[in-house]
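J.: Handing you a structure now.
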Amino acid sequence: MERSCDFDEEYGVGRRNEAKGVVARDEQEVDRIEDLPDSILIHILSLLPTRDAVRTLVIRSFRRLWTSVYNLDFDWCLYHDCSNNSSLRYYQESSLLRLAELVRHVLALHQGPRIREFRLHFEFSIYHPLDELMFLEPEKQDITIRTGGYAGEVNRWIEFAVNKNAEILDLDFMACGFLNATKYELPGFVLQSSFLTELKLVSCKVNFSTKIVMRALKVLYLKEIALNDVPIKNFIDGCPVLESLTVLDCYGLRELNCASQELRILTVAPRFAIEPRVKVACPNIKSLSISGWLELLELENLPSLRDASVDCHDCFRHIPFEYCEVQKILEKLHQVLTVWELTNLPCPSNSWQRLILRTMLTKWHLPGIANVLRSSPSLEMLDIHIIPGEAPSITAQEAWLHLYKIREGNYWDLQDRSFGCLTDCLRIVKISGDITKDHAIQLVQFLLRRALVLQKLVISAGLNDCSISVEEWKEYSDKLLSFPRGSPQAAVSFSDE
């Protein structure tokens, strides 16, 4: 079969001498890059995607230094438009064949003594064979994949990195594609590397009968992996210095029970509502982030927790049973919660001192924000990021919006003075995002007027916001600066960060 691409042509090997001639035409020109030591040039190349590092072969200053880079980054998404499904790219092999061609040549020519980071992102599927498999029937492809042909080559790529003492291994077998029934099976030698400090696995099959011994591993990230209680415990037991554990959309997990003194950071997102409940008991973790189907979580024994993040924006359906379960979680976290994306729900009383709130800001969200402020008498710092949007989801509207009768006009003018944090504690307020809408302006006016010990209020539109002209920004800032302030120390500033 013909090669899908000419490696020499694509990566400039054939144009190397021509490029040298162009550079050399003016002998008086000084090449500052060429004066840099090789170690600096190799470091620069190691920061690039490997495809781009190889292309520097045509630049005289870099010569063949790309063969010594210590970061190898192979990403299928560089070869196609991830947002364009019209060309049926999921059934075309050209982009994956080009990626495979690059990986083969780079690994064959690599001369560096070690690899620090090896990153491989592509969709593992029988519909994306690397080479001669494209001519086999799907059933034969599946057999060949499972017995080593397709996966065997990927195994060799990963083995190359492990044999060069890779410290970071980032393997994503879904990338921008879809979940597949045929999953790549991770070779057992990965789970016995004594040099890995970070391991990221997405959408692959892990053979947990392999003994896990990764004595240097500090960061473990698992997504779309089949788990159960024994495997996750084996992982933790086999990684004695593990500090950060992320478990996202993994199925079969029932319990995260870890008494390790080293584990400090835990991120958990249950996969689907049909999955079993997950019990989390980690007495030594300092930071907890939970998202997804929160009603499936049972939080126990978290005495050391200092910082927590809760995000149920995508999955919470606002029905009574689910709300009761989520409320239990909030009550468990009430002393440490710093990020909360629930709106329009009664909030349990708490002693939060710092709150980061990401939410849309429509009239339907205002009662939820008021609830948070009323229930946080110790709040000292409030950071609100306003997400663009005009209405809650259809599911939310049907479930609970009919319970609220929101009057038109300025909602905050109708509120009583039962906001303890505004009287005694709130000193710093930051508001960013979609800040020019009326509800945002009214909230700023309310906080400035009612926060009696406020010291600083920072308004940020964001660096990439081109929707506000200079004239509009001046008019907006002048309006905010004209609002009366309840605290004589309150300073209002504007930022583009």
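The chains in the structure tokens are called A, B, ... from first to last as shown; in each chain the residues are counted from 1, and the ligands are counted from 1 in the order shown.
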Determine, counting only C-alpha atoms, which protein, DNA and RNA residues have an atom within 6 Å of an atom of segment 180-192 of chain A; residues of the same chain fewer than 2 positions away are not included. Present the result as a PyMOL selection string.
T.: chain A and resi 204-206+210+212-214
J.: Export, as an mmCIF file, in the first residue's frame, the selected residues with N, CA, C and O atoms.
T.:
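Okay, this is what ended up in selection_37.cif:
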```cif
data_model
loop_
_atom_site.group_PDB
_atom_site.id
_atom_site.type_symbol
_atom_site.label_atom_id
_atom_site.label_comp_id
_atom_site.auth_asym_id
_atom_site.auth_seq_id
_atom_site.Cartn_x
_atom_site.Cartn_y
_atom_site.Cartn_z
ATOM 1 N N CYS A 204 -9.135 3.525 28.779
ATOM 2 C CA CYS A 204 -8.387 2.314 28.460
ATOM 3 C C CYS A 204 -8.721 1.233 29.485
ATOM 4 O O CYS A 204 -9.324 1.509 30.523
ATOM 5 N N LYS A 205 -8.341 0.022 29.187
ATOM 6 C CA LYS A 205 -8.577 -1.107 30.073
ATOM 7 C C LYS A 205 -7.321 -1.367 30.886
ATOM 8 O O LYS A 205 -6.231 -1.484 30.346
ATOM 9 N N VAL A 206 -7.478 -1.448 32.194
ATOM 10 C CA VAL A 206 -6.341 -1.676 33.088
ATOM 11 C C VAL A 206 -6.472 -3.064 33.701
ATOM 12 O O VAL A 206 -7.512 -3.409 34.267
ATOM 13 N N THR A 210 -2.253 -7.301 37.619
ATOM 14 C CA THR A 210 -0.833 -6.946 37.660
ATOM 15 C C THR A 210 -0.509 -6.270 38.988
ATOM 16 O O THR A 210 -1.256 -5.409 39.451
ATOM 17 N N ILE A 212 0.866 -3.649 41.287
ATOM 18 C CA ILE A 212 1.121 -2.220 41.077
ATOM 19 C C ILE A 212 2.218 -1.764 42.029
ATOM 20 O O ILE A 212 2.061 -1.828 43.253
ATOM 21 N N VAL A 213 3.332 -1.309 41.463
ATOM 22 C CA VAL A 213 4.453 -0.809 42.256
ATOM 23 C C VAL A 213 4.986 0.442 41.573
ATOM 24 O O VAL A 213 5.758 0.370 40.620
ATOM 25 N N MET A 214 4.545 1.599 42.021
ATOM 26 C CA MET A 214 5.025 2.879 41.479
ATOM 27 C C MET A 214 5.425 3.760 42.649
ATOM 28 O O MET A 214 4.657 4.594 43.121
#
```
J.: Any idea what's packed within 7 Å of Met381 of chain A, counting only C-alpha atoms, ignoring anything in its chain fewer than 2 positions away? Could you give it as a PyMOL selection string?
T.: chain A and resi 353-355+379+383+426-429
J.: Residues near segment 117-123 of chain A, anyone? I mean within 8 Å using only C-alpha atoms, not counting same-chain ones fewer than 2 positions away, as an mmCIF file with N, CA, C and O atoms, in the first residue's frame.
T.:
```cif
data_model
loop_
_atom_site.group_PDB
_atom_site.id
_atom_site.type_symbol
_atom_site.label_atom_id
_atom_site.label_comp_id
_atom_site.auth_asym_id
_atom_site.auth_seq_id
_atom_site.Cartn_x
_atom_site.Cartn_y
_atom_site.Cartn_z
ATOM 1 N N TYR A 70 13.386 16.132 25.418
ATOM 2 C CA TYR A 70 13.020 15.259 26.523
ATOM 3 C C TYR A 70 11.517 15.248 26.801
ATOM 4 O O TYR A 70 11.070 14.555 27.713
ATOM 5 N N ASN A 71 10.742 16.007 26.024
ATOM 6 C CA ASN A 71 9.288 15.916 26.072
ATOM 7 C C ASN A 71 8.794 15.481 24.705
ATOM 8 O O ASN A 71 9.108 16.139 23.694
ATOM 9 N N LEU A 72 8.023 14.417 24.637
ATOM 10 C CA LEU A 72 7.447 13.949 23.378
ATOM 11 C C LEU A 72 5.931 14.078 23.470
ATOM 12 O O LEU A 72 5.296 13.470 24.329
ATOM 13 N N ASP A 73 5.369 14.873 22.582
ATOM 14 C CA ASP A 73 3.942 15.207 22.625
ATOM 15 C C ASP A 73 3.321 14.850 21.281
ATOM 16 O O ASP A 73 3.540 15.524 20.272
ATOM 17 N N PHE A 74 2.516 13.774 21.250
ATOM 18 C CA PHE A 74 1.874 13.311 20.024
ATOM 19 C C PHE A 74 0.362 13.443 20.191
ATOM 20 O O PHE A 74 -0.245 12.727 20.988
ATOM 21 N N ASP A 75 -0.233 14.354 19.442
ATOM 22 C CA ASP A 75 -1.657 14.668 19.606
ATOM 23 C C ASP A 75 -2.367 14.560 18.264
ATOM 24 O O ASP A 75 -2.095 15.313 17.330
ATOM 25 N N TRP A 76 -3.282 13.604 18.184
ATOM 26 C CA TRP A 76 -4.072 13.377 16.975
ATOM 27 C C TRP A 76 -4.833 14.639 16.558
ATOM 28 O O TRP A 76 -5.046 14.890 15.373
ATOM 29 N N CYS A 77 -5.243 15.439 17.521
ATOM 30 C CA CYS A 77 -6.085 16.601 17.231
ATOM 31 C C CYS A 77 -5.359 17.677 16.431
ATOM 32 O O CYS A 77 -6.001 18.579 15.885
ATOM 33 N N LEU A 96 -4.853 9.825 11.437
ATOM 34 C CA LEU A 96 -4.203 8.928 12.378
ATOM 35 C C LEU A 96 -2.963 8.295 11.774
ATOM 36 O O LEU A 96 -1.959 8.094 12.460
ATOM 37 N N ILE A 115 13.501 10.626 28.800
ATOM 38 C CA ILE A 115 12.284 11.348 28.442
ATOM 39 C C ILE A 115 11.638 11.807 29.734
ATOM 40 O O ILE A 115 11.424 11.002 30.646
ATOM 41 N N SER A 125 -9.716 2.996 18.227
ATOM 42 C CA SER A 125 -10.947 2.416 17.703
ATOM 43 C C SER A 125 -10.605 1.510 16.549
ATOM 44 O O SER A 125 -9.642 1.748 15.808
ATOM 45 N N HIS A 128 -10.150 3.158 13.248
ATOM 46 C CA HIS A 128 -8.951 3.956 12.979
ATOM 47 C C HIS A 128 -7.721 3.070 13.015
ATOM 48 O O HIS A 128 -6.841 3.252 13.843
ATOM 49 N N ALA A 161 8.984 4.933 25.956
ATOM 50 C CA ALA A 161 9.011 6.006 26.946
ATOM 51 C C ALA A 161 9.379 5.484 28.326
ATOM 52 O O ALA A 161 10.185 6.087 29.043
ATOM 53 N N ALA A 166 10.668 7.728 31.664
ATOM 54 C CA ALA A 166 9.719 8.841 31.620
ATOM 55 C C ALA A 166 9.173 9.121 33.014
ATOM 56 O O ALA A 166 8.851 8.199 33.766
ATOM 57 N N GLU A 167 9.056 10.394 33.350
ATOM 58 C CA GLU A 167 8.526 10.807 34.645
ATOM 59 C C GLU A 167 7.025 11.105 34.581
ATOM 60 O O GLU A 167 6.311 10.925 35.565
ATOM 61 N N ILE A 168 6.554 11.573 33.422
ATOM 62 C CA ILE A 168 5.142 11.900 33.238
ATOM 63 C C ILE A 168 4.624 11.132 32.034
ATOM 64 O O ILE A 168 5.181 11.244 30.932
ATOM 65 N N LEU A 169 3.564 10.371 32.229
ATOM 66 C CA LEU A 169 2.963 9.588 31.154
ATOM 67 C C LEU A 169 1.502 10.001 31.039
ATOM 68 O O LEU A 169 0.713 9.821 31.976
ATOM 69 N N ASP A 170 1.135 10.584 29.901
ATOM 70 C CA ASP A 170 -0.209 11.111 29.665
ATOM 71 C C ASP A 170 -0.797 10.357 28.477
ATOM 72 O O ASP A 170 -0.457 10.619 27.318
ATOM 73 N N LEU A 171 -1.696 9.402 28.749
ATOM 74 C CA LEU A 171 -2.238 8.530 27.709
ATOM 75 C C LEU A 171 -3.748 8.695 27.639
ATOM 76 O O LEU A 171 -4.478 8.312 28.558
ATOM 77 N N ASP A 172 -4.220 9.295 26.560
ATOM 78 C CA ASP A 172 -5.646 9.545 26.364
ATOM 79 C C ASP A 172 -6.081 8.843 25.086
ATOM 80 O O ASP A 172 -5.720 9.260 23.983
ATOM 81 N N PHE A 173 -6.864 7.769 25.229
ATOM 82 C CA PHE A 173 -7.278 6.979 24.078
ATOM 83 C C PHE A 173 -8.697 7.305 23.629
ATOM 84 O O PHE A 173 -9.342 6.502 22.963
ATOM 85 N N MET A 174 -9.159 8.487 23.997
ATOM 86 C CA MET A 174 -10.431 8.994 23.499
ATOM 87 C C MET A 174 -10.225 10.303 22.757
ATOM 88 O O MET A 174 -10.829 10.551 21.728
ATOM 89 N N ALA A 175 -9.344 11.164 23.280
ATOM 90 C CA ALA A 175 -9.047 12.463 22.677
ATOM 91 C C ALA A 175 -10.350 13.200 22.384
ATOM 92 O O ALA A 175 -11.201 13.322 23.256
ATOM 93 N N CYS A 176 -10.535 13.660 21.134
ATOM 94 C CA CYS A 176 -11.757 14.380 20.791
ATOM 95 C C CYS A 176 -12.808 13.452 20.211
ATOM 96 O O CYS A 176 -13.839 13.903 19.710
ATOM 97 N N GLY A 177 -12.545 12.131 20.256
ATOM 98 C CA GLY A 177 -13.470 11.164 19.665
ATOM 99 C C GLY A 177 -14.537 10.708 20.633
ATOM 100 O O GLY A 177 -14.918 11.412 21.571
ATOM 101 N N PHE A 178 -15.000 9.480 20.434
ATOM 102 C CA PHE A 178 -16.085 8.936 21.225
ATOM 103 C C PHE A 178 -15.608 7.727 22.013
ATOM 104 O O PHE A 178 -14.574 7.128 21.709
#
```
J.: For the atom pair atom CA of Leu305 of chain A and atom CA of Ile290 of chain A, what is the interatomic distance in Å to one decimal place?
T.: 13.1 Å
J.: Find the spatial neighbours of Asn228 of chain A, counting only C-alpha atoms, within a cut-off of 6 Å - ignore same-chain residues fewer than 2 positions away - and output them as an mmCIF file with N, CA and C atoms, in the first residue's frame.
T.:
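What landed in part_12.cif:
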```cif
data_model
loop_
_atom_site.group_PDB
_atom_site.id
_atom_site.type_symbol
_atom_site.label_atom_id
_atom_site.label_comp_id
_atom_site.auth_asym_id
_atom_site.auth_seq_id
_atom_site.Cartn_x
_atom_site.Cartn_y
_atom_site.Cartn_z
ATOM 1 N N VAL A 230 -11.478 -2.938 45.024
ATOM 2 C CA VAL A 230 -10.154 -3.556 45.179
ATOM 3 C C VAL A 230 -9.105 -2.881 44.307
ATOM 4 N N PRO A 231 -9.379 -2.653 42.979
ATOM 5 C CA PRO A 231 -8.362 -2.003 42.148
ATOM 6 C C PRO A 231 -7.933 -0.624 42.645
ATOM 7 N N GLY A 252 -18.106 1.383 38.200
ATOM 8 C CA GLY A 252 -17.837 0.260 39.091
ATOM 9 C C GLY A 252 -17.288 0.666 40.445
ATOM 10 N N LEU A 253 -16.990 1.950 40.625
ATOM 11 C CA LEU A 253 -16.404 2.404 41.879
ATOM 12 C C LEU A 253 -17.481 2.519 42.956
#
```
J.: Compile a residue-level contact table for segment 100-126 of chain A against segment 37-45 of chain A at a cut-off of 12 Å, reporting for every qualifying residue the shortest atom pair and its distance in Å to one decimal, with only C-alpha atoms counted, rows ordered by chain and ascending number, as CSV.
T.:
```
residue,atom,partner,partner_atom,distance
A:Gln111,CA,A:Ile42,CA,11.9
A:Gly112,CA,A:Ile42,CA,9.9
A:Arg116,CA,A:His43,CA,11.3
```
J.: May I ask which of the residues A:Ala491, A:Val268, A:Leu481, A:Leu217 is the closest one to Val458 of chain A, counting only C-alpha atoms?
T.: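 For Val458 of chain A, the nearest of the given residues is A:Ala491.
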J.: If you measure from atom CA of Phe235 of chain A to atom CA of Tyr150 of chain A, what distance in Å do you get, rounded to one decimal?
T.: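 Straight-line distance from atom CA of Phe235 of chain A to atom CA of Tyr150 of chain A works out to 27.0 Å.
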J.: Between A:Ser289, A:Thr56, A:Ser432, A:Gln442, which has the minimum distance to Phe494 of chain A (counting only C-alpha atoms)?
T.: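 Nearest candidate to Phe494 of chain A out of A:Ser289, A:Thr56, A:Ser432, A:Gln442: A:Ser432.
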J.: Could you please determine the separation between atom CA of Asn163 of chain A and atom CA of Leu78 of chain A in Å, to one decimal place?
T.: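 Atom CA of Leu78 of chain A lies 26.4 Å from atom CA of Asn163 of chain A.
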J.: What's the 12 Å shell around Ala269 of chain A, counting only C-alpha atoms, without same-chain residues fewer than 5 positions away, as a count of residues only?
T.: 33
J.: Which of these residues is nearest to Gly420 of chain A, using only C-alpha atoms: A:Leu266, A:Val372, A:Ile441, A:Ile386?
T.: A:Val372
J.: Any idea what's packed within 7 Å of Ala259 of chain A, counting only C-alpha atoms, ignoring anything in its chain fewer than 5 positions away? Could you give it as a list in words?
T.: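 Using only C-alpha atoms, the neighbours found are Cys282, Pro283 and Asn284 of chain A.
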J.: Those same residues - all heavy atoms - I'd like them written as a PDB file, in the first residue's frame.
T.:
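Saved to result.pdb:
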```pdb
ATOM      1  N   CYS A 282     -11.552   9.745  53.409  1.00  0.00           N
ATOM      2  CA  CYS A 282     -10.109   9.980  53.313  1.00  0.00           C
ATOM      3  C   CYS A 282      -9.721  10.978  54.411  1.00  0.00           C
ATOM      4  O   CYS A 282      -9.773  12.206  54.182  1.00  0.00           O
ATOM      5  CB  CYS A 282      -9.733  10.509  51.936  1.00  0.00           C
ATOM      6  SG  CYS A 282     -10.172   9.414  50.568  1.00  0.00           S
ATOM      7  N   PRO A 283      -9.339  10.516  55.562  1.00  0.00           N
ATOM      8  CA  PRO A 283      -9.166  11.400  56.722  1.00  0.00           C
ATOM      9  C   PRO A 283      -8.044  12.414  56.609  1.00  0.00           C
ATOM     10  O   PRO A 283      -8.029  13.387  57.369  1.00  0.00           O
ATOM     11  CB  PRO A 283      -8.908  10.419  57.870  1.00  0.00           C
ATOM     12  CG  PRO A 283      -8.397   9.173  57.217  1.00  0.00           C
ATOM     13  CD  PRO A 283      -9.102   9.090  55.901  1.00  0.00           C
ATOM     14  N   ASN A 284      -7.120  12.231  55.664  1.00  0.00           N
ATOM     15  CA  ASN A 284      -5.967  13.127  55.627  1.00  0.00           C
ATOM     16  C   ASN A 284      -5.960  14.097  54.454  1.00  0.00           C
ATOM     17  O   ASN A 284      -5.031  14.897  54.329  1.00  0.00           O
ATOM     18  CB  ASN A 284      -4.671  12.298  55.605  1.00  0.00           C
ATOM     19  CG  ASN A 284      -4.497  11.483  56.873  1.00  0.00           C
ATOM     20  OD1 ASN A 284      -4.599  12.009  57.978  1.00  0.00           O
ATOM     21  ND2 ASN A 284      -4.271  10.186  56.722  1.00  0.00           N
TER      22      ASN A 284
END
```
J.: Using only C-alpha atoms, find the one residue out of A:Gly389, A:Pro377, A:Pro49, A:Gly409 that sits nearest to Asp424 of chain A.
T.: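 Smallest separation from Asp424 of chain A among the options: A:Pro377.
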J.: Select, from A:Arg358, A:Arg254, A:Arg449, A:Lys164, the residue with the minimum atom-to-atom distance to Arg271 of chain A, counting only C-alpha atoms.
T.: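 Checking each of A:Arg358, A:Arg254, A:Arg449, A:Lys164 against Arg271 of chain A, counting only C-alpha atoms, the winner is A:Arg254.
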J.: Extract, using only C-alpha atoms, all DNA, RNA and protein residues at most 9 Å from segment 484-487 of chain A, discarding same-chain residues fewer than 6 positions from it, and format them as a list of chain:residue names.
T.: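 Non-adjacent residues within range: A:Gln445, A:Leu447, A:Leu448, A:Arg449, A:Arg450, A:Ala451, A:Leu452, A:Val453, A:Leu454, A:Gln455.
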